[in-house]
Structures are given as C-alpha cells and as structure tokens.
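Asks: This is protein.pdb, which holds PDB, C-alpha atoms, pLDDT in the B column:
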MODEL        1
ATOM      1  CA  MET C1053      84.358 132.173  84.295  1.00 95.00           C
ATOM      2  CA  ARG C1054      87.649 133.732  85.375  1.00 96.00           C
ATOM      3  CA  GLN C1055      85.856 135.587  88.171  1.00 97.00           C
ATOM      4  CA  PHE C1056      84.190 132.367  89.320  1.00 97.00           C
ATOM      5  CA  TRP C1057      87.451 130.457  89.605  1.00 97.00           C
ATOM      6  CA  LYS C1058      89.144 133.354  91.360  1.00 98.00           C
ATOM      7  CA  THR C1059      86.314 133.478  93.913  1.00 98.00           C
ATOM      8  CA  TYR C1060      86.132 129.703  94.260  1.00 98.00           C
ATOM      9  CA  ARG C1061      89.895 129.411  94.876  1.00 98.00           C
ATOM     10  CA  ARG C1062      89.641 132.059  97.591  1.00 98.00           C
ATOM     11  CA  ALA C1063      86.760 130.174  99.212  1.00 98.00           C
ATOM     12  CA  THR C1064      88.792 126.957  99.049  1.00 97.00           C
ATOM     13  CA  GLN C1065      91.771 128.617 100.724  1.00 97.00           C
ATOM     14  CA  LEU C1066      89.530 129.855 103.526  1.00 97.00           C
ATOM     15  CA  ARG C1067      88.050 126.377 103.914  1.00 96.00           C
ATOM     16  CA  ILE C1068      91.439 124.680 104.088  1.00 95.00           C
ATOM     17  CA  ALA C1069      92.512 127.221 106.707  1.00 95.00           C
ATOM     18  CA  GLY C1070      89.412 126.398 108.758  1.00 93.00           C
ATOM     19  CA  ASN C1071      88.054 129.907 108.370  1.00 95.00           C
ATOM     20  CA  TRP C1072      84.481 128.730 107.933  1.00 96.00           C
ATOM     21  CA  GLN C1073      82.691 132.009 108.629  1.00 96.00           C
ATOM     22  CA  GLU C1074      84.506 133.804 105.830  1.00 97.00           C
ATOM     23  CA  ALA C1075      84.326 130.765 103.536  1.00 97.00           C
ATOM     24  CA  ILE C1076      80.521 130.906 103.548  1.00 98.00           C
ATOM     25  CA  PRO C1077      80.090 134.257 101.734  1.00 98.00           C
ATOM     26  CA  ALA C1078      82.975 133.343  99.417  1.00 98.00           C
ATOM     27  CA  PHE C1079      81.249 130.129  98.317  1.00 98.00           C
ATOM     28  CA  GLN C1080      77.945 131.992  98.054  1.00 98.00           C
ATOM     29  CA  GLN C1081      79.548 134.593  95.820  1.00 98.00           C
ATOM     30  CA  ALA C1082      81.022 131.833  93.653  1.00 98.00           C
ATOM     31  CA  LEU C1083      77.576 130.281  93.326  1.00 98.00           C
ATOM     32  CA  THR C1084      76.098 133.563  92.100  1.00 98.00           C
ATOM     33  CA  LEU C1085      78.511 133.185  89.200  1.00 97.00           C
ATOM     34  CA  ASN C1086      77.867 129.469  88.666  1.00 97.00           C
ATOM     35  CA  ALA C1087      74.822 128.228  90.573  1.00 97.00           C
ATOM     36  CA  GLN C1088      75.286 124.624  89.462  1.00 97.00           C
ATOM     37  CA  HIS C1089      78.865 124.074  90.550  1.00 98.00           C
ATOM     38  CA  GLU C1090      78.690 120.863  92.571  1.00 98.00           C
ATOM     39  CA  ASP C1091      81.842 121.296  94.658  1.00 98.00           C
ATOM     40  CA  ALA C1092      80.822 124.820  95.657  1.00 98.00           C
ATOM     41  CA  LEU C1093      77.421 123.578  96.839  1.00 98.00           C
ATOM     42  CA  TYR C1094      78.963 120.640  98.680  1.00 97.00           C
ATOM     43  CA  TYR C1095      81.586 122.694 100.482  1.00 97.00           C
ATOM     44  CA  LEU C1096      79.112 125.464 101.273  1.00 98.00           C
ATOM     45  CA  GLY C1097      77.035 122.815 103.038  1.00 97.00           C
ATOM     46  CA  ASN C1098      80.113 121.710 104.955  1.00 96.00           C
ATOM     47  CA  ALA C1099      80.858 125.297 105.952  1.00 96.00           C
ATOM     48  CA  PHE C1100      77.317 125.656 107.277  1.00 96.00           C
ATOM     49  CA  LEU C1101      77.780 122.380 109.150  1.00 95.00           C
ATOM     50  CA  GLU C1102      80.978 123.639 110.757  1.00 94.00           C
ATOM     51  CA  THR C1103      79.201 126.799 111.922  1.00 95.00           C
ATOM     52  CA  PHE C1104      76.210 124.840 113.315  1.00 94.00           C
ATOM     53  CA  GLN C1105      73.792 126.199 110.686  1.00 96.00           C
ATOM     54  CA  TYR C1106      72.281 122.791 110.110  1.00 96.00           C
ATOM     55  CA  ASP C1107      69.171 123.799 108.162  1.00 97.00           C
ATOM     56  CA  LYS C1108      71.308 125.722 105.688  1.00 98.00           C
ATOM     57  CA  ALA C1109      73.693 122.775 105.384  1.00 97.00           C
ATOM     58  CA  VAL C1110      70.749 120.537 104.510  1.00 98.00           C
ATOM     59  CA  ALA C1111      69.521 123.059 101.931  1.00 98.00           C
ATOM     60  CA  SER C1112      72.940 123.222 100.255  1.00 98.00           C
ATOM     61  CA  TRP C1113      73.227 119.449  99.921  1.00 98.00           C
ATOM     62  CA  GLU C1114      69.621 119.196  98.731  1.00 98.00           C
ATOM     63  CA  ASN C1115      70.409 121.808  96.074  1.00 98.00           C
ATOM     64  CA  LEU C1116      73.356 119.669  95.032  1.00 98.00           C
ATOM     65  CA  LEU C1117      71.103 116.603  94.741  1.00 98.00           C
ATOM     66  CA  ALA C1118      68.647 118.592  92.637  1.00 98.00           C
ATOM     67  CA  ILE C1119      71.487 119.119  90.169  1.00 98.00           C
ATOM     68  CA  ASN C1120      73.018 115.665  90.537  1.00 98.00           C
ATOM     69  CA  PRO C1121      70.817 113.016  92.209  1.00 98.00           C
ATOM     70  CA  TYR C1122      73.783 110.619  92.048  1.00 97.00           C
ATOM     71  CA  SER C1123      76.009 112.662  94.347  1.00 97.00           C
ATOM     72  CA  THR C1124      77.053 109.999  96.848  1.00 95.00           C
ATOM     73  CA  ARG C1125      78.758 112.499  99.111  1.00 95.00           C
ATOM     74  CA  ALA C1126      75.621 114.642  99.398  1.00 97.00           C
ATOM     75  CA  HIS C1127      73.523 111.611 100.353  1.00 97.00           C
ATOM     76  CA  LEU C1128      76.154 110.570 102.896  1.00 95.00           C
ATOM     77  CA  GLN C1129      76.384 114.015 104.463  1.00 95.00           C
ATOM     78  CA  LEU C1130      72.607 114.234 104.796  1.00 97.00           C
ATOM     79  CA  GLY C1131      72.380 110.735 106.223  1.00 96.00           C
ATOM     80  CA  ALA C1132      75.170 111.442 108.676  1.00 95.00           C
ATOM     81  CA  LEU C1133      73.662 114.730 109.807  1.00 96.00           C
ATOM     82  CA  PHE C1134      70.168 113.313 110.313  1.00 96.00           C
ATOM     83  CA  SER C1135      71.587 110.502 112.457  1.00 96.00           C
ATOM     84  CA  SER C1136      74.327 112.432 114.263  1.00 94.00           C
ATOM     85  CA  ALA C1137      72.332 113.458 117.352  1.00 93.00           C
ATOM     86  CA  LEU C1138      74.491 116.572 117.508  1.00 92.00           C
ATOM     87  CA  PRO C1139      73.042 119.279 119.775  1.00 91.00           C
ATOM     88  CA  GLY C1140      70.620 121.353 117.726  1.00 93.00           C
ATOM     89  CA  ALA C1141      70.900 119.124 114.658  1.00 95.00           C
ATOM     90  CA  PRO C1142      67.808 117.566 113.079  1.00 95.00           C
ATOM     91  CA  LEU C1143      67.326 113.947 114.154  1.00 95.00           C
ATOM     92  CA  ASP C1144      65.392 111.902 111.615  1.00 97.00           C
ATOM     93  CA  LEU C1145      66.512 108.268 111.472  1.00 97.00           C
ATOM     94  CA  GLU C1146      64.032 107.388 108.729  1.00 97.00           C
ATOM     95  CA  ARG C1147      65.460 110.131 106.509  1.00 98.00           C
ATOM     96  CA  ALA C1148      68.986 109.096 107.477  1.00 97.00           C
ATOM     97  CA  GLU C1149      68.294 105.513 106.412  1.00 98.00           C
ATOM     98  CA  ARG C1150      66.899 106.630 103.054  1.00 98.00           C
ATOM     99  CA  GLU C1151      69.948 108.796 102.371  1.00 97.00           C
ATOM    100  CA  MET C1152      72.383 106.022 103.325  1.00 97.00           C
ATOM    101  CA  ARG C1153      70.557 103.512 101.140  1.00 97.00           C
ATOM    102  CA  SER C1154      70.676 105.965  98.252  1.00 97.00           C
ATOM    103  CA  ALA C1155      74.429 106.405  98.715  1.00 96.00           C
ATOM    104  CA  LEU C1156      74.939 102.653  98.825  1.00 96.00           C
ATOM    105  CA  ALA C1157      72.791 102.095  95.726  1.00 96.00           C
ATOM    106  CA  ILE C1158      74.986 104.544  93.814  1.00 96.00           C
ATOM    107  CA  ASN C1159      78.270 103.010  95.019  1.00 90.00           C
ATOM    108  CA  LYS C1160      77.819  99.446  96.230  1.00 87.00           C
ATOM    109  CA  GLU C1161      81.535  98.918  96.841  1.00 79.00           C
ATOM    110  CA  GLU C1162      82.035 101.778  99.290  1.00 81.00           C
ATOM    111  CA  SER C1163      82.569 100.312 102.757  1.00 83.00           C
ATOM    112  CA  GLY C1164      81.861 103.649 104.432  1.00 87.00           C
ATOM    113  CA  SER C1165      78.297 103.647 103.126  1.00 92.00           C
ATOM    114  CA  ILE C1166      77.795 100.082 104.367  1.00 94.00           C
ATOM    115  CA  LEU C1167      79.126 100.930 107.827  1.00 94.00           C
ATOM    116  CA  GLN C1168      77.046 104.085 108.175  1.00 94.00           C
ATOM    117  CA  LEU C1169      73.888 102.304 107.057  1.00 96.00           C
ATOM    118  CA  GLY C1170      74.571  99.585 109.608  1.00 97.00           C
ATOM    119  CA  GLN C1171      74.969 102.208 112.302  1.00 97.00           C
ATOM    120  CA  VAL C1172      71.726 103.964 111.373  1.00 97.00           C
ATOM    121  CA  LEU C1173      69.863 100.654 111.495  1.00 98.00           C
ATOM    122  CA  LEU C1174      71.389 100.004 114.900  1.00 98.00           C
ATOM    123  CA  LEU C1175      70.267 103.432 116.110  1.00 97.00           C
ATOM    124  CA  LYS C1176      66.763 102.550 114.942  1.00 96.00           C
ATOM    125  CA  GLY C1177      66.826  99.271 116.848  1.00 96.00           C
ATOM    126  CA  GLU C1178      66.641  97.099 113.731  1.00 97.00           C
ATOM    127  CA  TRP C1179      69.131  94.588 115.095  1.00 97.00           C
ATOM    128  CA  PRO C1180      69.135  91.726 112.515  1.00 97.00           C
ATOM    129  CA  GLU C1181      69.586  93.985 109.486  1.00 98.00           C
ATOM    130  CA  ALA C1182      72.092  96.175 111.329  1.00 98.00           C
ATOM    131  CA  ARG C1183      74.170  93.076 111.992  1.00 98.00           C
ATOM    132  CA  ILE C1184      74.218  92.161 108.287  1.00 97.00           C
ATOM    133  CA  TYR C1185      75.651  95.535 107.285  1.00 96.00           C
ATOM    134  CA  LEU C1186      78.067  95.786 110.201  1.00 96.00           C
ATOM    135  CA  GLU C1187      79.466  92.336 109.470  1.00 96.00           C
ATOM    136  CA  ALA C1188      79.857  93.306 105.805  1.00 94.00           C
ATOM    137  CA  ALA C1189      81.671  96.511 106.798  1.00 93.00           C
ATOM    138  CA  ARG C1190      83.964  94.543 109.094  1.00 93.00           C
ATOM    139  CA  ARG C1191      84.850  92.151 106.276  1.00 91.00           C
ATOM    140  CA  LEU C1192      85.474  94.919 103.757  1.00 88.00           C
ATOM    141  CA  ASN C1193      87.322  97.328 106.002  1.00 77.00           C
ATOM    142  CA  ALA C1194      89.343  94.822 108.036  1.00 65.00           C
ATOM    143  CA  ARG C1195      88.770  94.320 111.721  1.00 67.00           C
ATOM    144  CA  GLY C1196      88.600  96.985 114.381  1.00 75.00           C
ATOM    145  CA  GLY C1197      86.875 100.296 114.859  1.00 91.00           C
ATOM    146  CA  ALA C1198      83.178 101.004 114.686  1.00 94.00           C
ATOM    147  CA  ALA C1199      82.078  97.799 112.935  1.00 95.00           C
ATOM    148  CA  SER C1200      83.675  95.601 115.608  1.00 95.00           C
ATOM    149  CA  TYR C1201      82.450  97.809 118.441  1.00 96.00           C
ATOM    150  CA  PHE C1202      78.795  97.785 117.418  1.00 97.00           C
ATOM    151  CA  LEU C1203      78.875  94.112 116.476  1.00 97.00           C
ATOM    152  CA  GLY C1204      80.123  93.516 119.982  1.00 96.00           C
ATOM    153  CA  TYR C1205      77.068  95.315 121.290  1.00 97.00           C
ATOM    154  CA  LEU C1206      74.764  93.071 119.230  1.00 98.00           C
ATOM    155  CA  HIS C1207      76.489  90.006 120.696  1.00 97.00           C
ATOM    156  CA  TRP C1208      76.071  91.547 124.153  1.00 97.00           C
ATOM    157  CA  ARG C1209      72.351  91.879 123.482  1.00 97.00           C
ATOM    158  CA  SER C1210      72.294  88.199 122.503  1.00 96.00           C
ATOM    159  CA  LYS C1211      73.905  87.278 125.851  1.00 96.00           C
ATOM    160  CA  ASP C1212      77.149  86.241 124.162  1.00 96.00           C
ATOM    161  CA  ALA C1213      79.381  88.044 126.637  1.00 94.00           C
ATOM    162  CA  LYS C1214      82.573  86.300 125.533  1.00 94.00           C
ATOM    163  CA  GLN C1215      82.242  87.347 121.890  1.00 95.00           C
ATOM    164  CA  ALA C1216      81.128  90.833 122.921  1.00 96.00           C
ATOM    165  CA  ALA C1217      84.283  91.283 124.993  1.00 95.00           C
ATOM    166  CA  ARG C1218      86.470  89.954 122.177  1.00 94.00           C
ATOM    167  CA  LEU C1219      84.949  92.335 119.622  1.00 95.00           C
ATOM    168  CA  LEU C1220      85.316  95.257 122.003  1.00 95.00           C
ATOM    169  CA  GLN C1221      89.021  94.472 122.333  1.00 93.00           C
ATOM    170  CA  GLU C1222      89.238  94.239 118.553  1.00 93.00           C
ATOM    171  CA  ALA C1223      87.622  97.665 118.255  1.00 93.00           C
ATOM    172  CA  MET C1224      90.227  99.340 120.449  1.00 88.00           C
ATOM    173  CA  PRO C1225      92.454 101.737 118.475  1.00 80.00           C
ATOM    174  CA  SER C1226      96.060 100.668 118.108  1.00 68.00           C
ATOM    175  CA  PRO C1227      98.878 103.099 119.016  1.00 55.00           C
ATOM    176  CA  ASN C1228      99.553 103.568 115.305  1.00 49.00           C
ATOM    177  CA  ASN C1229      95.906 104.216 114.520  1.00 47.00           C
ATOM    178  CA  ALA C1230      94.832 106.542 117.280  1.00 47.00           C
ATOM    179  CA  PRO C1231      91.871 108.818 116.580  1.00 45.00           C
ATOM    180  CA  SER C1232      92.822 112.204 115.238  1.00 44.00           C
ATOM    181  CA  SER C1233      91.052 115.503 115.557  1.00 44.00           C
ATOM    182  CA  HIS C1234      88.848 116.271 112.563  1.00 50.00           C
ATOM    183  CA  SER C1235      86.484 118.963 111.554  1.00 55.00           C
ATOM    184  CA  ALA C1236      82.837 117.964 111.577  1.00 60.00           C
ATOM    185  CA  SER C1237      82.807 117.742 107.808  1.00 63.00           C
ATOM    186  CA  SER C1238      86.219 116.042 107.565  1.00 56.00           C
ATOM    187  CA  GLU C1239      87.349 118.748 105.179  1.00 51.00           C
ATOM    188  CA  GLY C1240      90.866 120.108 105.203  1.00 41.00           C
ATOM    189  CA  ASP C1241      92.195 116.673 106.207  1.00 41.00           C
ATOM    190  CA  THR C1242      94.498 116.485 103.218  1.00 38.00           C
ATOM    191  CA  ARG C1243      97.183 118.861 102.117  1.00 36.00           C
ATOM    192  CA  GLY C1244      95.222 119.723  98.999  1.00 42.00           C
ATOM    193  CA  GLY C1245      92.096 120.387 101.027  1.00 42.00           C
ATOM    194  CA  LYS C1246      89.846 117.951  99.222  1.00 42.00           C
ATOM    195  CA  GLY C1247      89.405 115.540 102.101  1.00 39.00           C
ATOM    196  CA  PRO C1248      88.090 112.046 101.461  1.00 34.00           C
ATOM    197  CA  MET C1249      85.673 111.709  98.548  1.00 33.00           C
ATOM    198  CA  LEU C1250      83.073 110.150 100.819  1.00 34.00           C
ATOM    199  CA  ALA C1251      83.771 112.198 103.904  1.00 41.00           C
ATOM    200  CA  VAL C1252      82.088 110.952 107.057  1.00 41.00           C
ATOM    201  CA  GLY C1253      80.917 114.470 107.645  1.00 49.00           C
ATOM    202  CA  ALA C1254      78.615 115.059 110.570  1.00 54.00           C
ATOM    203  CA  ALA C1255      79.214 111.489 111.659  1.00 52.00           C
ATOM    204  CA  GLN C1256      82.717 112.549 112.714  1.00 69.00           C
ATOM    205  CA  ARG C1257      81.282 114.196 115.829  1.00 75.00           C
ATOM    206  CA  GLY C1258      78.026 112.279 115.891  1.00 90.00           C
ATOM    207  CA  PHE C1259      76.740 109.703 118.324  1.00 94.00           C
ATOM    208  CA  CYS C1260      78.362 106.608 116.827  1.00 94.00           C
ATOM    209  CA  ASN C1261      81.803 108.066 116.205  1.00 91.00           C
ATOM    210  CA  ALA C1262      81.881 109.650 119.662  1.00 92.00           C
ATOM    211  CA  ARG C1263      81.307 106.245 121.273  1.00 93.00           C
ATOM    212  CA  VAL C1264      84.150 104.685 119.291  1.00 92.00           C
ATOM    213  CA  ALA C1265      86.509 107.622 119.851  1.00 90.00           C
ATOM    214  CA  ALA C1266      85.990 107.325 123.610  1.00 90.00           C
ATOM    215  CA  LEU C1267      87.492 103.823 123.533  1.00 91.00           C
ATOM    216  CA  ALA C1268      90.949 105.378 123.254  1.00 87.00           C
ATOM    217  CA  THR C1269      90.727 106.631 126.840  1.00 86.00           C
ATOM    218  CA  GLY C1270      89.167 103.523 128.398  1.00 84.00           C
ATOM    219  CA  ASP C1271      90.421 100.249 129.817  1.00 85.00           C
ATOM    220  CA  PHE C1272      88.333  97.317 128.637  1.00 85.00           C
ATOM    221  CA  SER C1273      90.759  94.528 129.404  1.00 80.00           C
ATOM    222  CA  THR C1274      88.367  92.778 131.783  1.00 84.00           C
ATOM    223  CA  HIS C1275      85.078  91.020 131.175  1.00 86.00           C
ATOM    224  CA  ASP C1276      83.277  93.310 133.637  1.00 90.00           C
ATOM    225  CA  ALA C1277      84.550  96.435 131.865  1.00 91.00           C
ATOM    226  CA  ALA C1278      83.120  95.217 128.569  1.00 92.00           C
ATOM    227  CA  GLN C1279      79.796  94.485 130.247  1.00 94.00           C
ATOM    228  CA  ARG C1280      79.648  97.991 131.699  1.00 95.00           C
ATOM    229  CA  GLU C1281      80.553  99.608 128.380  1.00 96.00           C
ATOM    230  CA  TYR C1282      77.802  97.851 126.463  1.00 97.00           C
ATOM    231  CA  ALA C1283      75.260  98.373 129.232  1.00 97.00           C
ATOM    232  CA  GLN C1284      75.975 102.108 129.025  1.00 96.00           C
ATOM    233  CA  LEU C1285      75.715 102.018 125.226  1.00 97.00           C
ATOM    234  CA  HIS C1286      72.383 100.219 125.550  1.00 97.00           C
ATOM    235  CA  GLU C1287      71.030 102.987 127.784  1.00 97.00           C
ATOM    236  CA  ALA C1288      72.376 105.692 125.477  1.00 96.00           C
ATOM    237  CA  LEU C1289      70.731 104.098 122.429  1.00 96.00           C
ATOM    238  CA  ALA C1290      67.409 103.811 124.240  1.00 94.00           C
ATOM    239  CA  SER C1291      67.622 107.466 125.260  1.00 93.00           C
ATOM    240  CA  LEU C1292      68.441 108.570 121.710  1.00 91.00           C
ATOM    241  CA  ARG C1293      65.487 106.693 120.231  1.00 86.00           C
ATOM    242  CA  HIS C1294      63.207 108.072 122.953  1.00 85.00           C
TER
ENDMDL
END
Any chance you could give the structure as structure tokens?
Replies:
Amino acid sequence: MRQFWKTYRRATQLRIAGNWQEAIPAFQQALTLNAQHEDALYYLGNAFLETFQYDKAVASWENLLAINPYSTRAHLQLGALFSSALPGAPLDLERAEREMRSALAINKEESGSILQLGQVLLLKGEWPEARIYLEAARRLNARGGAASYFLGYLHWRSKDAKQAARLLQEAMPSPNNAPSSHSASSEGDTRGGKGPMLAVGAAQRGFCNARVAALATGDFSTHDAAQREYAQLHEALASLRH
C-alpha cells in the first residue's frame, strides 16, 4: 500500500505538471499495485487522451466503469470523446448519447451533463429534444455560453432571426469570463490538480466547444453577422454528420 501511494503521488505530480508521457507509465505502475483504484484509471485515461491515444483512453474509462458503473465522470469523458470530432478520435454519436444519458441518470442535477447531452442531440440533428436540454442548461447555468449559442442556432433554423441574433449576443464571452486555455481533459486546472469533478474532458477541444471559443475573436454586433455565423455552423454540422 505504501508503494502504491508513493507511485500514485508521483504520477499525480507528473499530471499536474502536464508531463503526460511520463505520467502514463507512472499510473500504469500504480495500477499494477492496485488495479481497482478509480482515480488512477480515470487519470490514466486522461493521460492517454492528452497524448492522442484515444483507444487506450476509452479502454481505461471502460475499465473504470467495469469497477464502478456509477462513475459519472467516466461516462462524461466517453460521451465527450465520442462526440468531439477531434482528428483521429472515434466519432460515434449514438454511443455518445448513451454515455451522456447514463451520466445524467446518475446525477440529474448536474448542469454539465444536461448541456453536453443537448449538444450531442444537436449534433445528431434531433432538434426538438436538443432544444429541451439546451433550454434546461441555460436555466440552470445562467445565460451565456454554449447553451445560448446553440439555442440561437435552433431559432435560426426556425427562421426566427431576431431571437437567434439576441441569443448569439448573449453567448458572447464577457471580458471577465474570457475563455482560458485548458488541457483536453481539463486536468491540472486547479492548484491541487484535481480539476472539476465532472471535467468536460475531450469536449474542451471538441467541435461544440471550439465553436463557442471562437466567438471571443468575432464581431457579431450586426444582424448579418449572426446570420453568417449560424449559416456556417449549419454547414459544419451537416458535414460532421455526413
């Protein structure tokens, strides 16, 4: 047990420092000493994610779920990865939806799960149900950000240009809430290295988050600008589904 915690602490230090390549064998060594340690499996998956070893990341989180089927963070990471559209990552929107629904069933009060499920449904083109979850996320997590942005797109699709433009303006990041640079797994974001309990994971660099992050560099103060933005999003969504 002493050897496990010594190895695990070293792996954690490497992870916090962003030294993902060296963190991988350290977490693997820790798991040889305690194969059922949930944090070690979770963070090993994140280390594989950071080094673009997506199949191994999936295997780590699936191993975690085999030990604890109620691991919300494992379901969220899998759902985010399968819907991220990252280059080389597996794209399986049906699997992503199942994982997000599992996460939400475990923790019905978590607004992040609601938002991510809404985004997956939007990626799938299931507009009415996507709107339900996005509106719920907007209510729970205040206005702005991804929920407002994608709701604006749904209003654009419904030919409600005025509301679409208003929601796009609402989605714009404020100067005090500008997007920050994160790792793909959102780990190392806190001083203690734990990161958020329900880290957005692969979604941080995925399709949906990238669209919202790009708002910080755009000017959408005019009606025409909003129309162009949502027309481009419409084309990008069609291409992703294709």
Asks: Considering only C-alpha atoms, can you say which of C:Phe1134, C:Ile1158, C:Asn1193, C:Pro1180 comes closest to Ser1210 of chain C?
Replies: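 Smallest distance to Ser1210 of chain C is found for C:Pro1180.
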Asks: Could you tell me, as number ranges by chain, exactly which residues end up selected when the PyMOL selection byres ((chain C and resi 1055) around 12) is applied to this structure?
Replies: C: 1053-1054, 1056-1062, 1078, 1081-1086
Asks: When you count all atoms listed in the file, which of these residues is closest to Ala1182 of chain C: C:Ala1198, C:Ala1111, C:Ala1213, C:Leu1203?
Replies: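 Closest to Ala1182 of chain C, using all atoms listed in the file: C:Leu1203.
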Asks: What does the structure give for the distance between atom CA of Ala1283 of chain C and atom CA of Leu1175 of chain C, in Å to one decimal?
Replies: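 These atoms are spaced 14.9 Å apart.
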Asks: Applying 9 Å and all atoms listed in the file, which residues near Glu1187 of chain C remain after dropping the ones on its own chain fewer than 5 positions away? List them as a PyMOL selection string.
Replies: chain C and resi 1167+1170+1182+1192+1199-1200+1203
Asks: Given only C-alpha atoms as the basis, pick out the residue of C:Ala1087, C:Ala1188, C:Val1172, C:Cys1260 nearest to Lys1160 of chain C.
Replies: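 With only C-alpha atoms as the atom set, the closest residue is C:Ala1188.
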Asks: Missing atoms in segment 1092-1106 of chain C: fill them in up to N, CA, C and O atoms and send the result as a PDB file, keeping the file's coordinate frame.
Replies:
ATOM      1  N   ALA C1092      81.145 123.614  94.892  1.00 98.00           N
ATOM      2  CA  ALA C1092      80.822 124.820  95.657  1.00 98.00           C
ATOM      3  C   ALA C1092      79.614 124.574  96.554  1.00 98.00           C
ATOM      4  O   ALA C1092      79.593 124.983  97.724  1.00 98.00           O
ATOM      5  N   LEU C1093      78.602 123.893  96.030  1.00 98.00           N
ATOM      6  CA  LEU C1093      77.421 123.578  96.839  1.00 98.00           C
ATOM      7  C   LEU C1093      77.773 122.626  97.971  1.00 98.00           C
ATOM      8  O   LEU C1093      77.316 122.782  99.109  1.00 98.00           O
ATOM      9  N   TYR C1094      78.575 121.624  97.665  1.00 97.00           N
ATOM     10  CA  TYR C1094      78.963 120.640  98.680  1.00 97.00           C
ATOM     11  C   TYR C1094      79.740 121.299  99.815  1.00 97.00           C
ATOM     12  O   TYR C1094      79.438 121.107 100.998  1.00 97.00           O
ATOM     13  N   TYR C1095      80.747 122.082  99.452  1.00 97.00           N
ATOM     14  CA  TYR C1095      81.586 122.694 100.482  1.00 97.00           C
ATOM     15  C   TYR C1095      80.867 123.820 101.214  1.00 97.00           C
ATOM     16  O   TYR C1095      81.154 124.076 102.386  1.00 97.00           O
ATOM     17  N   LEU C1096      79.932 124.488 100.553  1.00 98.00           N
ATOM     18  CA  LEU C1096      79.112 125.464 101.273  1.00 98.00           C
ATOM     19  C   LEU C1096      78.307 124.755 102.357  1.00 98.00           C
ATOM     20  O   LEU C1096      78.206 125.248 103.488  1.00 98.00           O
ATOM     21  N   GLY C1097      77.745 123.594 102.027  1.00 97.00           N
ATOM     22  CA  GLY C1097      77.035 122.815 103.038  1.00 97.00           C
ATOM     23  C   GLY C1097      77.939 122.438 104.190  1.00 97.00           C
ATOM     24  O   GLY C1097      77.554 122.524 105.372  1.00 97.00           O
ATOM     25  N   ASN C1098      79.175 122.053 103.887  1.00 96.00           N
ATOM     26  CA  ASN C1098      80.113 121.710 104.955  1.00 96.00           C
ATOM     27  C   ASN C1098      80.454 122.924 105.818  1.00 96.00           C
ATOM     28  O   ASN C1098      80.628 122.808 107.037  1.00 96.00           O
ATOM     29  N   ALA C1099      80.574 124.083 105.184  1.00 96.00           N
ATOM     30  CA  ALA C1099      80.858 125.297 105.952  1.00 96.00           C
ATOM     31  C   ALA C1099      79.695 125.625 106.888  1.00 96.00           C
ATOM     32  O   ALA C1099      79.902 126.032 108.040  1.00 96.00           O
ATOM     33  N   PHE C1100      78.474 125.450 106.410  1.00 96.00           N
ATOM     34  CA  PHE C1100      77.317 125.656 107.277  1.00 96.00           C
ATOM     35  C   PHE C1100      77.312 124.634 108.419  1.00 96.00           C
ATOM     36  O   PHE C1100      76.972 124.960 109.553  1.00 96.00           O
ATOM     37  N   LEU C1101      77.698 123.402 108.107  1.00 95.00           N
ATOM     38  CA  LEU C1101      77.780 122.380 109.150  1.00 95.00           C
ATOM     39  C   LEU C1101      78.771 122.782 110.231  1.00 95.00           C
ATOM     40  O   LEU C1101      78.497 122.672 111.430  1.00 95.00           O
ATOM     41  N   GLU C1102      79.930 123.268 109.804  1.00 94.00           N
ATOM     42  CA  GLU C1102      80.978 123.639 110.757  1.00 94.00           C
ATOM     43  C   GLU C1102      80.556 124.810 111.643  1.00 94.00           C
ATOM     44  O   GLU C1102      81.059 124.957 112.757  1.00 94.00           O
ATOM     45  N   THR C1103      79.650 125.636 111.149  1.00 95.00           N
ATOM     46  CA  THR C1103      79.201 126.799 111.922  1.00 95.00           C
ATOM     47  C   THR C1103      77.826 126.557 112.548  1.00 95.00           C
ATOM     48  O   THR C1103      77.152 127.495 112.943  1.00 95.00           O
ATOM     49  N   PHE C1104      77.430 125.277 112.613  1.00 94.00           N
ATOM     50  CA  PHE C1104      76.210 124.840 113.315  1.00 94.00           C
ATOM     51  C   PHE C1104      74.928 125.394 112.684  1.00 94.00           C
ATOM     52  O   PHE C1104      73.902 125.474 113.351  1.00 94.00           O
ATOM     53  N   GLN C1105      74.981 125.738 111.408  1.00 96.00           N
ATOM     54  CA  GLN C1105      73.792 126.199 110.686  1.00 96.00           C
ATOM     55  C   GLN C1105      73.228 125.009 109.909  1.00 96.00           C
ATOM     56  O   GLN C1105      73.344 124.911 108.696  1.00 96.00           O
ATOM     57  N   TYR C1106      72.623 124.100 110.666  1.00 96.00           N
ATOM     58  CA  TYR C1106      72.281 122.791 110.110  1.00 96.00           C
ATOM     59  C   TYR C1106      71.222 122.868 109.013  1.00 96.00           C
ATOM     60  O   TYR C1106      71.307 122.157 108.014  1.00 96.00           O
TER      61      TYR C1106
END
